[in-house]
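**Q** Starting off with a structure, shown below.
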Number of protein chains: 2
Amino acid sequence: MHIMVTNDDGIHAPGILALASALRVLGEVTVVAPDRERSAVGHALTLNSPLRVFELRDGFYAVDGTPTDCVNMGIHSLLPFRPDLVVSGINHGANLGDDVTYSGTVAAAIEATLMGIPAIAISLATFDRIGHFPEAAQVAVRVARQVIANGLPEDTFLNVNVPNCPDIELMPPLITRQGKRSFVGNVIGKTDPRGRKYYWIGSGEADFNDYEGTDFHAINRKHVSITPLHLDLTNYESMKVISGWDF
Amino acid sequence: MHIMVTNDDGIHAPGILALASALRVLGEVTVVAPDRERSAVGHALTLNSPLRVFELRDGFYAVDGTPTDCVNMGIHSLLPFRPDLVVSGINHGANLGDDVTYSGTVAAAIEATLMGIPAIAISLATFDRIGHFPEAAQVAVRVARQVIANGLPEDTFLNVNVPNCPDIELMPPLITRQGKRSFVGNVIGKTDPRGRKYYWIGSGEADFNDYEGTDFHAINRKHVSITPLHLDLTNYESMKVISGWDF
């Protein structure tokens with residue numbers, strides 16, 4: 001059993017270290033991860049510049065690229081075998097609802113899925129500096145065991161979110177659907193010392209709909225949330241409606 | 001009627017100029033686009049560095065960021081009004097099948113959709129230097145007219161691909177589902193003048209399944225392809241199966 005581990009917080013993040021070390025009970029683990037934080041890069045692929053790889057220690061490769069680059073580097077160049085499983089995380093911060101489209105952690109799982117390799121994205125629902133990563137890593141092992149035993153449906157990966165609490169408070173996993181965030185974004189304009197304007201994308205005010213059955217709802221009640229995501233974005237229900245339009 | 005136009009090929013690309021000029025028949029057009037090519041950036045958002053904006057001429061803003069950044073800058077800062085429609089493109093090259101997850105053009109439409117603004121992504125299916133952009137721009141006008149007249153289903157945008165041919169050869173639009181690419185990726189290792197290795201993500205060999213009803217199938221037969229895409233990635237069918245697993 002060969003498992004490749006990656007993330008978007010960078011190879012020195014506590015989440016990836018806890019994950020790689022816990023997954024060793026299941027097989028050989030190789031880490032191929034960005035050399036620094038690469039959050040919110042989405043499914044970005046580096047096409048216009050070459051990539052460098054640094055082997056930090058045995059089985060730990062740092063790449064100066066995105067999580068999607070790391071999956072490509074690992075599978076097409078660094079790993080001696082095609083891995084049986086790719087696990088991306090443990091992300092520092094939840095990846096719930098529509099946020100999955102921005103997430104580098106989730107994008108790595110998408111890339112592995114496109115290559116036909118079973119994949120899991122796992123995130124810890126906290127921005128606190130100190131997180132319960134060892135507990136979340138044990139959740140990753142349990143989910144990975146099931147994926148190895150059962151296989152995944154075609155074109156589908158698992159998006160796992162773990163509440164930030166000690167083992168004893170953790171509620172059992174729920175199979176959820178992707179929730180919906182209502183996001184009020186903003187942009188903040190400032191002036192530099194030379195009098196020129198510059199802008200920050202603000203963190204805005206984010207709220208979510210606490211509907212039963214969603215990833216948000218599960219996490220808020222201290223359940224582990226497991227959402228099967230696929231890569232077919234077609235809104236089948238609306239196809240008939242649009243077919244009636246006069247183009 | 002206010003329309004915001006963006007892309008991922010950069011503000012000087014022929015596709016965006018043809019698009020902006022054609023859409024003027026429908027209302028006021030403001031262009032907010034990356035200052036240079038930003039292909040394959042996915043749904044990347046610039047959080048760790050500030051953005052600069054350059055007003056090139058009236059209603060033409062160049063941003064040193066991603067397409068997703070441009071949508072944020074346009075809507076939260078540069079445009080005097082919330083636009084009635086966001087149109088992203090005309091991309092130089094098709095955005096079909098799973099490739100939509102990498103595309104900056106499509107990501108801009110996703111961002112507008114998250115903000116509750118109707119959006120269209122439009123791409124011209126060619127990598128030739130000379131493309132039929134004016135013809136594709138007329139397709140954009142026709143699709144935009146219908147979106148304005150009918151509205152879009154919730155959480156849904158249109159991914160439009162146009163074959164690269166003169167008007168007279170263009171077949172009528174088909175409402176399609178997202179196709180499936182079978183992609184054999186690769187990575188190419190090289191050595192620099194100082195003897196250190198570096199790597200390129202290769203273009204690999206890509207093939208697609210020419211199934212009826214897909215975007216690929218339509219484009220190959222010179223039809224305009226219109227695919228309604230939504231942001232819910234949940235694989236609902238697989239939820240029951242996974243619920244039976246022993247976590």
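Ordered as shown in the structure tokens, chains take letters A, B, and onward, while each chain numbers its residues from 1 and ligands are numbered from 1 in the order shown.
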Contacts of Ile120 in chain A at 8 Å or less, counting only C-alpha atoms, minus same-chain residues fewer than 4 places along, as a ChimeraX atom specification?

**A** /A:85-88,109,144,157-160

**Q** Write out, as a compact mmCIF listing (two decimals), in the first residue's frame, the residues just selected, with C-alpha atoms.

**A**
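And here is the file that came out, again.txt:
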```
# COMPACT_ATOMS: atom_id res chain seq x y z
CA LEU A 85 -4.49 6.65 -2.36
CA VAL A 86 -3.86 10.41 -2.19
CA VAL A 87 -4.72 12.21 1.06
CA SER A 88 -4.63 16.01 1.13
CA ALA A 109 -7.93 15.67 -4.34
CA ALA A 144 -8.71 5.89 4.44
CA PHE A 157 -13.55 11.86 -3.80
CA LEU A 158 -14.33 12.46 -0.13
CA ASN A 159 -14.23 15.88 1.47
CA VAL A 160 -13.79 15.31 5.21
```

**Q** Chain B residues within 6 Å of chain A, counting only C-alpha atoms: which ones, as a list in words?

**A**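 Using only C-alpha atoms, chain B residues at most 6 Å from chain A: Ala40, Val41, Gly42, His43, Ala44, Leu45, Pro50, Leu51, Arg52, His76, Tyr102, Arg142, Arg177, Gln178, Asn186, Val187, Tyr198, Tyr199, Trp200, Pro228, Leu229, His230, Leu233, Thr234, Asn235 and Phe247 of chain B.
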
**Q** Would you put the residues from that selection into a file with C-alpha atoms, as a PDB file, in the first residue's frame?

**A**
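Produced file part.pdb, reproduced below:
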```pdb
ATOM      1  CA  ALA B  40      -4.975  27.649 -15.609  1.00  0.00           C
ATOM      2  CA  VAL B  41      -5.079  29.619 -12.348  1.00  0.00           C
ATOM      3  CA  GLY B  42      -8.386  27.984 -11.352  1.00  0.00           C
ATOM      4  CA  HIS B  43     -10.449  29.746  -8.703  1.00  0.00           C
ATOM      5  CA  ALA B  44      -7.386  31.403  -7.147  1.00  0.00           C
ATOM      6  CA  LEU B  45      -7.839  34.440  -4.921  1.00  0.00           C
ATOM      7  CA  PRO B  50      -2.281  43.700  -2.298  1.00  0.00           C
ATOM      8  CA  LEU B  51      -3.579  44.406  -5.786  1.00  0.00           C
ATOM      9  CA  ARG B  52      -2.887  47.331  -8.100  1.00  0.00           C
ATOM     10  CA  HIS B  76     -16.721  45.710  -4.668  1.00  0.00           C
ATOM     11  CA  TYR B 102      -8.601  24.632 -14.060  1.00  0.00           C
ATOM     12  CA  ARG B 142     -27.363  36.187 -28.271  1.00  0.00           C
ATOM     13  CA  ARG B 177     -23.632  18.257 -20.273  1.00  0.00           C
ATOM     14  CA  GLN B 178     -20.022  18.512 -19.144  1.00  0.00           C
ATOM     15  CA  ASN B 186       3.416  13.801 -17.548  1.00  0.00           C
ATOM     16  CA  VAL B 187       6.307  15.738 -16.039  1.00  0.00           C
ATOM     17  CA  TYR B 198      14.080  21.425 -12.743  1.00  0.00           C
ATOM     18  CA  TYR B 199      10.730  20.184 -13.990  1.00  0.00           C
ATOM     19  CA  TRP B 200       7.969  21.168 -16.394  1.00  0.00           C
ATOM     20  CA  PRO B 228     -25.478  25.013 -17.396  1.00  0.00           C
ATOM     21  CA  LEU B 229     -22.999  24.464 -14.543  1.00  0.00           C
ATOM     22  CA  HIS B 230     -23.720  24.761 -10.834  1.00  0.00           C
ATOM     23  CA  LEU B 233     -20.315  19.210  -6.297  1.00  0.00           C
ATOM     24  CA  THR B 234     -22.146  16.705  -4.077  1.00  0.00           C
ATOM     25  CA  ASN B 235     -22.434  13.263  -5.643  1.00  0.00           C
ATOM     26  CA  PHE B 247     -16.158   4.441   9.857  1.00  0.00           C
TER      27      PHE B 247
END
```

**Q** Select from range 38-245 of chain A everything DSSP, run on the backbone, classes as alpha helix (DSSP H), then give the selection as JSON, numbers by chain.

**A** {"A": [67, 68, 69, 70, 71, 72, 73, 104, 105, 106, 107, 108, 109, 110, 111, 112, 113, 114, 133, 134, 135, 136, 137, 138, 139, 140, 141, 142, 143, 144, 145, 146, 147, 148, 149, 150, 215, 216, 217, 218, 219, 220, 236, 237, 238, 239, 240, 241, 242, 243]}

**Q** Write to file, as a CSV table (one decimal), in the first residue's frame, the residues of the selection just made, with N, CA and C atoms.

**A**
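Writing the result to result.csv gives the following:
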```csv
chain,number,residue,atom,x,y,z
A,67,PRO,N,-0.6,22.9,-4.8
A,67,PRO,CA,-1.0,21.6,-4.5
A,67,PRO,C,-1.2,20.7,-5.8
A,68,THR,N,-1.9,21.3,-6.8
A,68,THR,CA,-2.1,20.6,-8.0
A,68,THR,C,-0.8,20.2,-8.7
A,69,ASP,N,0.2,21.1,-8.7
A,69,ASP,CA,1.5,20.8,-9.2
A,69,ASP,C,2.1,19.6,-8.4
A,70,CYS,N,2.0,19.6,-7.1
A,70,CYS,CA,2.5,18.6,-6.2
A,70,CYS,C,2.0,17.2,-6.6
A,71,VAL,N,0.7,17.1,-6.9
A,71,VAL,CA,0.1,15.8,-7.3
A,71,VAL,C,0.7,15.4,-8.6
A,72,ASN,N,0.9,16.3,-9.5
A,72,ASN,CA,1.5,15.9,-10.8
A,72,ASN,C,3.0,15.5,-10.6
A,73,MET,N,3.7,16.3,-9.8
A,73,MET,CA,5.2,16.0,-9.6
A,73,MET,C,5.3,14.6,-8.9
A,104,GLY,N,-7.0,24.9,-2.1
A,104,GLY,CA,-5.9,24.1,-2.7
A,104,GLY,C,-5.9,22.7,-2.2
A,105,THR,N,-6.3,22.5,-1.0
A,105,THR,CA,-6.4,21.1,-0.4
A,105,THR,C,-7.4,20.3,-1.2
A,106,VAL,N,-8.6,20.8,-1.5
A,106,VAL,CA,-9.6,20.1,-2.2
A,106,VAL,C,-9.1,19.9,-3.7
A,107,ALA,N,-8.4,20.9,-4.2
A,107,ALA,CA,-7.9,20.8,-5.6
A,107,ALA,C,-7.0,19.7,-5.8
A,108,ALA,N,-6.1,19.4,-4.8
A,108,ALA,CA,-5.2,18.3,-4.9
A,108,ALA,C,-6.0,17.0,-5.0
A,109,ALA,N,-7.1,16.9,-4.3
A,109,ALA,CA,-7.9,15.7,-4.3
A,109,ALA,C,-8.6,15.6,-5.7
A,110,ILE,N,-9.0,16.7,-6.2
A,110,ILE,CA,-9.6,16.8,-7.6
A,110,ILE,C,-8.6,16.2,-8.6
A,111,GLU,N,-7.4,16.7,-8.5
A,111,GLU,CA,-6.3,16.3,-9.5
A,111,GLU,C,-6.1,14.8,-9.4
A,112,ALA,N,-6.0,14.3,-8.2
A,112,ALA,CA,-5.8,12.8,-8.1
A,112,ALA,C,-7.0,12.1,-8.7
A,113,THR,N,-8.2,12.6,-8.5
A,113,THR,CA,-9.4,12.0,-9.0
A,113,THR,C,-9.4,12.0,-10.5
A,114,LEU,N,-9.0,13.1,-11.1
A,114,LEU,CA,-8.8,13.2,-12.6
A,114,LEU,C,-7.9,12.1,-13.1
A,133,PHE,N,-4.9,18.3,15.7
A,133,PHE,CA,-4.5,17.6,14.5
A,133,PHE,C,-4.3,16.1,14.8
A,134,PRO,N,-3.7,15.6,15.9
A,134,PRO,CA,-3.6,14.2,16.0
A,134,PRO,C,-4.9,13.5,16.0
A,135,GLU,N,-6.0,14.1,16.6
A,135,GLU,CA,-7.3,13.5,16.6
A,135,GLU,C,-7.8,13.4,15.2
A,136,ALA,N,-7.6,14.5,14.4
A,136,ALA,CA,-8.1,14.6,13.0
A,136,ALA,C,-7.4,13.5,12.2
A,137,ALA,N,-6.1,13.3,12.5
A,137,ALA,CA,-5.3,12.4,11.7
A,137,ALA,C,-5.8,10.9,12.0
A,138,GLN,N,-6.3,10.7,13.2
A,138,GLN,CA,-7.0,9.4,13.4
A,138,GLN,C,-8.2,9.2,12.6
A,139,VAL,N,-9.0,10.3,12.4
A,139,VAL,CA,-10.2,10.2,11.6
A,139,VAL,C,-9.8,9.9,10.2
A,140,ALA,N,-8.7,10.6,9.7
A,140,ALA,CA,-8.2,10.3,8.3
A,140,ALA,C,-7.8,8.8,8.1
A,141,VAL,N,-7.2,8.2,9.2
A,141,VAL,CA,-6.9,6.8,9.1
A,141,VAL,C,-8.1,5.9,8.9
A,142,ARG,N,-9.2,6.3,9.7
A,142,ARG,CA,-10.4,5.5,9.7
A,142,ARG,C,-11.1,5.6,8.3
A,143,VAL,N,-11.1,6.9,7.8
A,143,VAL,CA,-11.7,7.1,6.5
A,143,VAL,C,-10.9,6.4,5.4
A,144,ALA,N,-9.6,6.5,5.5
A,144,ALA,CA,-8.7,5.9,4.4
A,144,ALA,C,-8.9,4.4,4.4
A,145,ARG,N,-9.0,3.8,5.6
A,145,ARG,CA,-9.2,2.3,5.7
A,145,ARG,C,-10.5,1.9,4.9
A,146,GLN,N,-11.6,2.7,5.0
A,146,GLN,CA,-12.8,2.4,4.3
A,146,GLN,C,-12.7,2.6,2.8
A,147,VAL,N,-12.0,3.6,2.5
A,147,VAL,CA,-11.8,3.9,1.0
A,147,VAL,C,-11.0,2.8,0.4
A,148,ILE,N,-9.9,2.3,1.1
A,148,ILE,CA,-9.1,1.2,0.6
A,148,ILE,C,-10.0,-0.1,0.5
A,149,ALA,N,-10.8,-0.3,1.5
A,149,ALA,CA,-11.6,-1.6,1.6
A,149,ALA,C,-12.7,-1.5,0.5
A,150,ASN,N,-13.4,-0.4,0.3
A,150,ASN,CA,-14.6,-0.3,-0.5
A,150,ASN,C,-14.4,0.3,-1.9
A,215,ASP,N,-22.7,19.9,5.3
A,215,ASP,CA,-21.5,19.8,6.0
A,215,ASP,C,-21.4,20.8,7.2
A,216,PHE,N,-21.9,22.1,7.0
A,216,PHE,CA,-21.9,23.1,8.0
A,216,PHE,C,-22.6,22.6,9.3
A,217,HIS,N,-23.8,22.0,9.0
A,217,HIS,CA,-24.7,21.6,10.1
A,217,HIS,C,-24.0,20.5,10.9
A,218,ALA,N,-23.3,19.6,10.3
A,218,ALA,CA,-22.6,18.5,11.0
A,218,ALA,C,-21.5,19.0,11.9
A,219,ILE,N,-20.7,19.9,11.3
A,219,ILE,CA,-19.5,20.4,12.0
A,219,ILE,C,-20.0,21.2,13.2
A,220,ASN,N,-21.0,22.0,13.0
A,220,ASN,CA,-21.5,22.8,14.2
A,220,ASN,C,-22.0,22.0,15.3
A,236,TYR,N,-28.2,19.3,-14.3
A,236,TYR,CA,-29.0,18.6,-15.2
A,236,TYR,C,-30.5,19.1,-15.2
A,237,GLU,N,-31.0,19.4,-14.0
A,237,GLU,CA,-32.4,19.9,-13.9
A,237,GLU,C,-32.7,21.1,-14.7
A,238,SER,N,-31.7,21.9,-14.9
A,238,SER,CA,-31.9,23.2,-15.6
A,238,SER,C,-31.8,23.0,-17.1
A,239,MET,N,-31.3,21.9,-17.6
A,239,MET,CA,-31.0,21.7,-19.0
A,239,MET,C,-32.3,21.9,-19.8
A,240,LYS,N,-33.4,21.3,-19.3
A,240,LYS,CA,-34.7,21.3,-20.1
A,240,LYS,C,-35.2,22.8,-20.2
A,241,VAL,N,-35.1,23.5,-19.1
A,241,VAL,CA,-35.6,24.9,-19.1
A,241,VAL,C,-34.8,25.7,-20.1
A,242,ILE,N,-33.5,25.6,-20.1
A,242,ILE,CA,-32.7,26.4,-21.0
A,242,ILE,C,-32.9,26.0,-22.5
A,243,SER,N,-33.2,24.7,-22.7
A,243,SER,CA,-33.4,24.2,-24.0
A,243,SER,C,-34.6,25.0,-24.7
```

**Q** Taking 6 positions as the minimum chain separation for residues in the same chain, which residues sit within 7 Å of Ser123 in chain A when counting only C-alpha atoms? Answer as number ranges by chain.

**A** A: 89-95, 160-162

**Q** Per DSSP on the backbone, filter range 3-114 of chain A down to the residues in strand (DSSP E or B) and report them as a list of chain:residue names.

**A**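 Assigned to strand (DSSP E or B), within range 3-114 of chain A: A:Ile3, A:Met4, A:Val5, A:Thr6, A:Glu28, A:Val29, A:Thr30, A:Val31, A:Val32, A:Ala33, A:Pro34, A:Leu51, A:Val53, A:Phe54, A:Glu55, A:Leu56, A:Arg57, A:Phe60, A:Tyr61, A:Ala62, A:Val63, A:Leu85, A:Val86, A:Val87, A:Ser88, A:Gly89, A:Ile90, A:Asn91, A:His92.
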
**Q** Give me, please, the distance in Å between CA of Gly65 in chain A and CA of Asp35 in chain A, quoted to one decimal.

**A** 7.5 Å

**Q** Pairing the C-alpha atoms in order across the whole chain, superpose chain B onto chain A by least squares and write the result as a short mmCIF file (atom, residue, chain, number, x, y, z; two decimals) with C-alpha atoms, in the first residue's frame.

**A**
```
data_model
loop_
_atom_site.label_atom_id
_atom_site.label_comp_id
_atom_site.auth_asym_id
_atom_site.auth_seq_id
_atom_site.Cartn_x
_atom_site.Cartn_y
_atom_site.Cartn_z
CA MET B 1 -0.01 0.01 0.01
CA HIS B 2 1.45 3.36 -1.13
CA ILE B 3 -0.11 6.60 0.05
CA MET B 4 0.83 10.05 -1.21
CA VAL B 5 0.20 12.97 1.13
CA THR B 6 -0.03 16.63 0.14
CA ASN B 7 -1.64 19.87 1.37
CA ASP B 8 -1.91 23.61 0.69
CA ASP B 9 -0.56 24.93 4.01
CA GLY B 10 2.97 23.88 3.08
CA ILE B 11 5.22 20.98 4.01
CA HIS B 12 6.10 22.43 7.42
CA ALA B 13 2.48 22.76 8.61
CA PRO B 14 1.49 20.75 11.70
CA GLY B 15 -1.50 19.21 9.88
CA ILE B 16 0.53 17.41 7.22
CA LEU B 17 3.05 16.07 9.72
CA ALA B 18 0.30 14.59 11.92
CA LEU B 19 -1.41 13.14 8.82
CA ALA B 20 1.70 11.54 7.31
CA SER B 21 2.76 10.01 10.58
CA ALA B 22 -0.71 8.56 11.36
CA LEU B 23 -1.19 7.08 7.86
CA ARG B 24 1.99 4.97 8.25
CA VAL B 25 -0.10 2.28 9.97
CA LEU B 26 -1.71 1.64 6.56
CA GLY B 27 1.37 1.51 4.34
CA GLU B 28 4.28 3.44 2.88
CA VAL B 29 3.76 7.22 2.92
CA THR B 30 5.41 9.77 0.62
CA VAL B 31 4.89 13.49 1.21
CA VAL B 32 4.97 15.87 -1.78
CA ALA B 33 3.81 19.30 -0.69
CA PRO B 34 4.29 23.01 -1.43
CA ASP B 35 7.41 24.57 0.11
CA ARG B 36 5.24 27.32 1.63
CA GLU B 37 1.60 28.21 2.25
CA ARG B 38 -0.54 28.07 -0.89
CA SER B 39 -4.05 28.59 0.43
CA ALA B 40 -6.91 29.78 -1.81
CA VAL B 41 -4.99 28.91 -4.98
CA GLY B 42 -7.88 26.77 -6.27
CA HIS B 43 -7.08 24.24 -8.97
CA ALA B 44 -4.11 26.26 -10.25
CA LEU B 45 -1.47 24.56 -12.37
CA THR B 46 1.97 26.08 -13.06
CA LEU B 47 2.43 26.04 -16.84
CA ASN B 48 4.61 29.09 -17.52
CA SER B 49 7.51 28.44 -15.19
CA PRO B 50 9.46 25.34 -14.22
CA LEU B 51 9.26 23.72 -10.80
CA ARG B 52 12.01 22.90 -8.33
CA VAL B 53 11.95 20.00 -5.90
CA PHE B 54 13.81 19.76 -2.58
CA GLU B 55 14.05 16.41 -0.78
CA LEU B 56 14.00 17.58 2.83
CA ARG B 57 14.42 14.08 4.21
CA ASP B 58 13.58 10.56 3.15
CA GLY B 59 10.11 10.57 1.53
CA PHE B 60 9.52 14.30 2.14
CA TYR B 61 9.57 16.41 -1.03
CA ALA B 62 8.96 20.19 -1.08
CA VAL B 63 7.88 21.70 -4.42
CA ASP B 64 7.83 25.44 -5.21
CA GLY B 65 4.37 25.13 -6.74
CA THR B 66 0.69 24.64 -6.03
CA PRO B 67 -0.98 21.55 -4.51
CA THR B 68 -2.11 20.57 -8.02
CA ASP B 69 1.52 20.82 -9.18
CA CYS B 70 2.55 18.59 -6.26
CA VAL B 71 0.12 15.84 -7.28
CA ASN B 72 1.55 15.96 -10.81
CA MET B 73 5.15 15.97 -9.60
CA GLY B 74 4.52 13.13 -7.16
CA ILE B 75 2.66 10.84 -9.49
CA HIS B 76 4.50 11.51 -12.75
CA SER B 77 7.99 11.88 -11.39
CA LEU B 78 8.89 11.46 -7.71
CA LEU B 79 7.02 8.35 -6.52
CA PRO B 80 8.44 5.00 -7.63
CA PHE B 81 4.91 3.56 -7.86
CA ARG B 82 1.47 4.90 -8.69
CA PRO B 83 -0.04 5.45 -5.22
CA ASP B 84 -3.12 3.55 -4.10
CA LEU B 85 -4.47 6.64 -2.35
CA VAL B 86 -3.85 10.40 -2.20
CA VAL B 87 -4.71 12.21 1.05
CA SER B 88 -4.62 16.02 1.12
CA GLY B 89 -4.48 17.93 4.41
CA ILE B 90 -4.93 18.22 7.27
CA ASN B 91 -5.96 21.73 6.29
CA HIS B 92 -5.77 24.37 8.97
CA GLY B 93 -9.36 25.63 8.66
CA ALA B 94 -12.56 24.01 7.41
CA ASN B 95 -13.37 23.50 3.71
CA LEU B 96 -17.15 23.62 3.73
CA GLY B 97 -19.88 24.67 1.29
CA ASP B 98 -18.84 26.70 -1.74
CA ASP B 99 -15.40 27.30 -0.24
CA VAL B 100 -14.31 23.98 -1.74
CA THR B 101 -13.90 25.73 -5.10
CA TYR B 102 -11.14 28.01 -3.72
CA SER B 103 -9.35 25.37 -1.71
CA GLY B 104 -5.92 24.12 -2.71
CA THR B 105 -6.43 21.15 -0.37
CA VAL B 106 -9.56 20.09 -2.24
CA ALA B 107 -7.94 20.85 -5.63
CA ALA B 108 -5.22 18.28 -4.91
CA ALA B 109 -7.94 15.67 -4.34
CA ILE B 110 -9.62 16.76 -7.60
CA GLU B 111 -6.33 16.31 -9.48
CA ALA B 112 -5.82 12.80 -8.11
CA THR B 113 -9.42 11.94 -9.01
CA LEU B 114 -8.83 13.15 -12.59
CA MET B 115 -5.90 10.71 -12.67
CA GLY B 116 -8.17 7.89 -11.48
CA ILE B 117 -6.57 7.62 -8.02
CA PRO B 118 -8.85 7.46 -4.93
CA ALA B 119 -8.51 10.66 -2.93
CA ILE B 120 -9.49 12.23 0.37
CA ALA B 121 -9.33 15.90 1.37
CA ILE B 122 -9.30 16.44 5.13
CA SER B 123 -9.61 19.69 7.07
CA LEU B 124 -9.72 20.71 10.71
CA ALA B 125 -12.46 23.24 11.43
CA THR B 126 -10.45 25.84 13.31
CA PHE B 127 -8.24 28.84 12.73
CA ASP B 128 -6.80 28.59 16.25
CA ARG B 129 -3.06 28.26 16.28
CA ILE B 130 -3.32 25.10 18.31
CA GLY B 131 -5.54 22.49 16.74
CA HIS B 132 -6.45 18.90 17.50
CA PHE B 133 -4.46 17.58 14.54
CA PRO B 134 -3.59 14.17 16.04
CA GLU B 135 -7.30 13.47 16.59
CA ALA B 136 -8.12 14.56 13.04
CA ALA B 137 -5.29 12.34 11.75
CA GLN B 138 -6.95 9.35 13.41
CA VAL B 139 -10.17 10.24 11.58
CA ALA B 140 -8.16 10.29 8.33
CA VAL B 141 -6.88 6.77 9.07
CA ARG B 142 -10.41 5.47 9.66
CA VAL B 143 -11.73 7.07 6.46
CA ALA B 144 -8.72 5.89 4.45
CA ARG B 145 -9.25 2.32 5.70
CA GLN B 146 -12.82 2.39 4.35
CA VAL B 147 -11.78 3.87 1.01
CA ILE B 148 -9.14 1.18 0.62
CA ALA B 149 -11.61 -1.56 1.57
CA ASN B 150 -14.57 -0.36 -0.55
CA GLY B 151 -13.12 1.79 -3.33
CA LEU B 152 -14.79 5.06 -4.32
CA PRO B 153 -17.61 5.67 -6.82
CA GLU B 154 -16.34 6.83 -10.23
CA ASP B 155 -15.09 10.40 -10.49
CA THR B 156 -15.72 10.96 -6.79
CA PHE B 157 -13.55 11.85 -3.80
CA LEU B 158 -14.33 12.45 -0.13
CA ASN B 159 -14.22 15.89 1.48
CA VAL B 160 -13.79 15.30 5.20
CA ASN B 161 -14.07 18.04 7.83
CA VAL B 162 -13.29 17.41 11.49
CA PRO B 163 -14.46 19.58 14.39
CA ASN B 164 -11.65 20.89 16.57
CA CYS B 165 -12.18 19.03 19.82
CA PRO B 166 -10.68 16.22 21.88
CA ASP B 167 -11.52 12.65 20.86
CA ILE B 168 -14.00 12.20 23.67
CA GLU B 169 -16.22 15.06 22.43
CA LEU B 170 -16.12 13.99 18.76
CA MET B 171 -19.54 12.84 17.45
CA PRO B 172 -19.78 10.00 14.88
CA PRO B 173 -19.27 10.81 11.16
CA LEU B 174 -22.23 11.97 9.09
CA ILE B 175 -22.46 11.66 5.31
CA THR B 176 -23.38 15.20 4.24
CA ARG B 177 -24.07 17.34 1.19
CA GLN B 178 -22.13 20.48 0.32
CA GLY B 179 -23.65 23.46 2.15
CA LYS B 180 -24.20 26.99 0.97
CA ARG B 181 -22.45 30.09 2.21
CA SER B 182 -23.94 33.54 1.92
CA PHE B 183 -20.91 35.68 1.43
CA VAL B 184 -20.74 39.44 1.53
CA GLY B 185 -17.33 40.21 0.07
CA ASN B 186 -15.51 43.50 0.12
CA VAL B 187 -12.37 45.24 -1.11
CA ILE B 188 -10.33 47.67 1.00
CA GLY B 189 -8.49 50.52 -0.73
CA LYS B 190 -5.37 52.06 0.83
CA THR B 191 -2.69 54.55 -0.23
CA ASP B 192 1.04 53.73 -0.33
CA PRO B 193 3.85 56.09 0.84
CA ARG B 194 4.15 57.38 -2.74
CA GLY B 195 0.47 58.33 -2.88
CA ARG B 196 -0.61 55.49 -5.14
CA LYS B 197 -3.66 53.36 -4.36
CA TYR B 198 -3.55 49.66 -3.64
CA TYR B 199 -6.27 47.21 -2.67
CA TRP B 200 -6.82 44.21 -0.42
CA ILE B 201 -9.49 41.60 -1.01
CA GLY B 202 -11.30 41.80 2.33
CA SER B 203 -12.35 38.88 4.46
CA GLY B 204 -15.93 40.15 4.15
CA GLU B 205 -18.68 38.85 6.34
CA ALA B 206 -19.46 35.22 5.78
CA ASP B 207 -22.46 33.37 7.00
CA PHE B 208 -23.89 29.97 6.12
CA ASN B 209 -27.26 28.32 6.01
CA ASP B 210 -27.45 25.85 8.87
CA TYR B 211 -29.61 23.36 6.96
CA GLU B 212 -29.84 19.79 8.18
CA GLY B 213 -27.85 17.37 6.07
CA THR B 214 -25.13 19.87 5.14
CA ASP B 215 -21.45 19.86 6.02
CA PHE B 216 -21.89 23.08 8.04
CA HIS B 217 -24.70 21.57 10.09
CA ALA B 218 -22.65 18.47 10.98
CA ILE B 219 -19.52 20.40 11.99
CA ASN B 220 -21.52 22.78 14.16
CA ARG B 221 -22.75 19.81 16.16
CA LYS B 222 -19.26 18.33 16.54
CA HIS B 223 -19.84 15.56 13.99
CA VAL B 224 -17.17 14.58 11.51
CA SER B 225 -18.55 15.57 8.08
CA ILE B 226 -17.88 13.35 5.06
CA THR B 227 -19.13 14.71 1.71
CA PRO B 228 -18.73 12.72 -1.52
CA LEU B 229 -17.89 15.29 -4.22
CA HIS B 230 -17.70 14.67 -7.95
CA LEU B 231 -16.35 16.61 -10.88
CA ASP B 232 -19.49 16.86 -12.98
CA LEU B 233 -20.77 20.42 -12.48
CA THR B 234 -23.67 20.04 -14.92
CA ASN B 235 -26.96 21.30 -13.52
CA TYR B 236 -29.04 18.57 -15.18
CA GLU B 237 -32.37 19.87 -13.89
CA SER B 238 -31.93 23.20 -15.62
CA MET B 239 -31.02 21.72 -19.02
CA LYS B 240 -34.65 21.32 -20.07
CA VAL B 241 -35.55 24.89 -19.07
CA ILE B 242 -32.66 26.38 -21.02
CA SER B 243 -33.42 24.20 -24.05
CA GLY B 244 -36.63 26.19 -24.39
CA TRP B 245 -34.80 29.51 -24.80
CA ASP B 246 -34.60 31.23 -28.16
CA PHE B 247 -30.88 31.55 -28.91
#
```
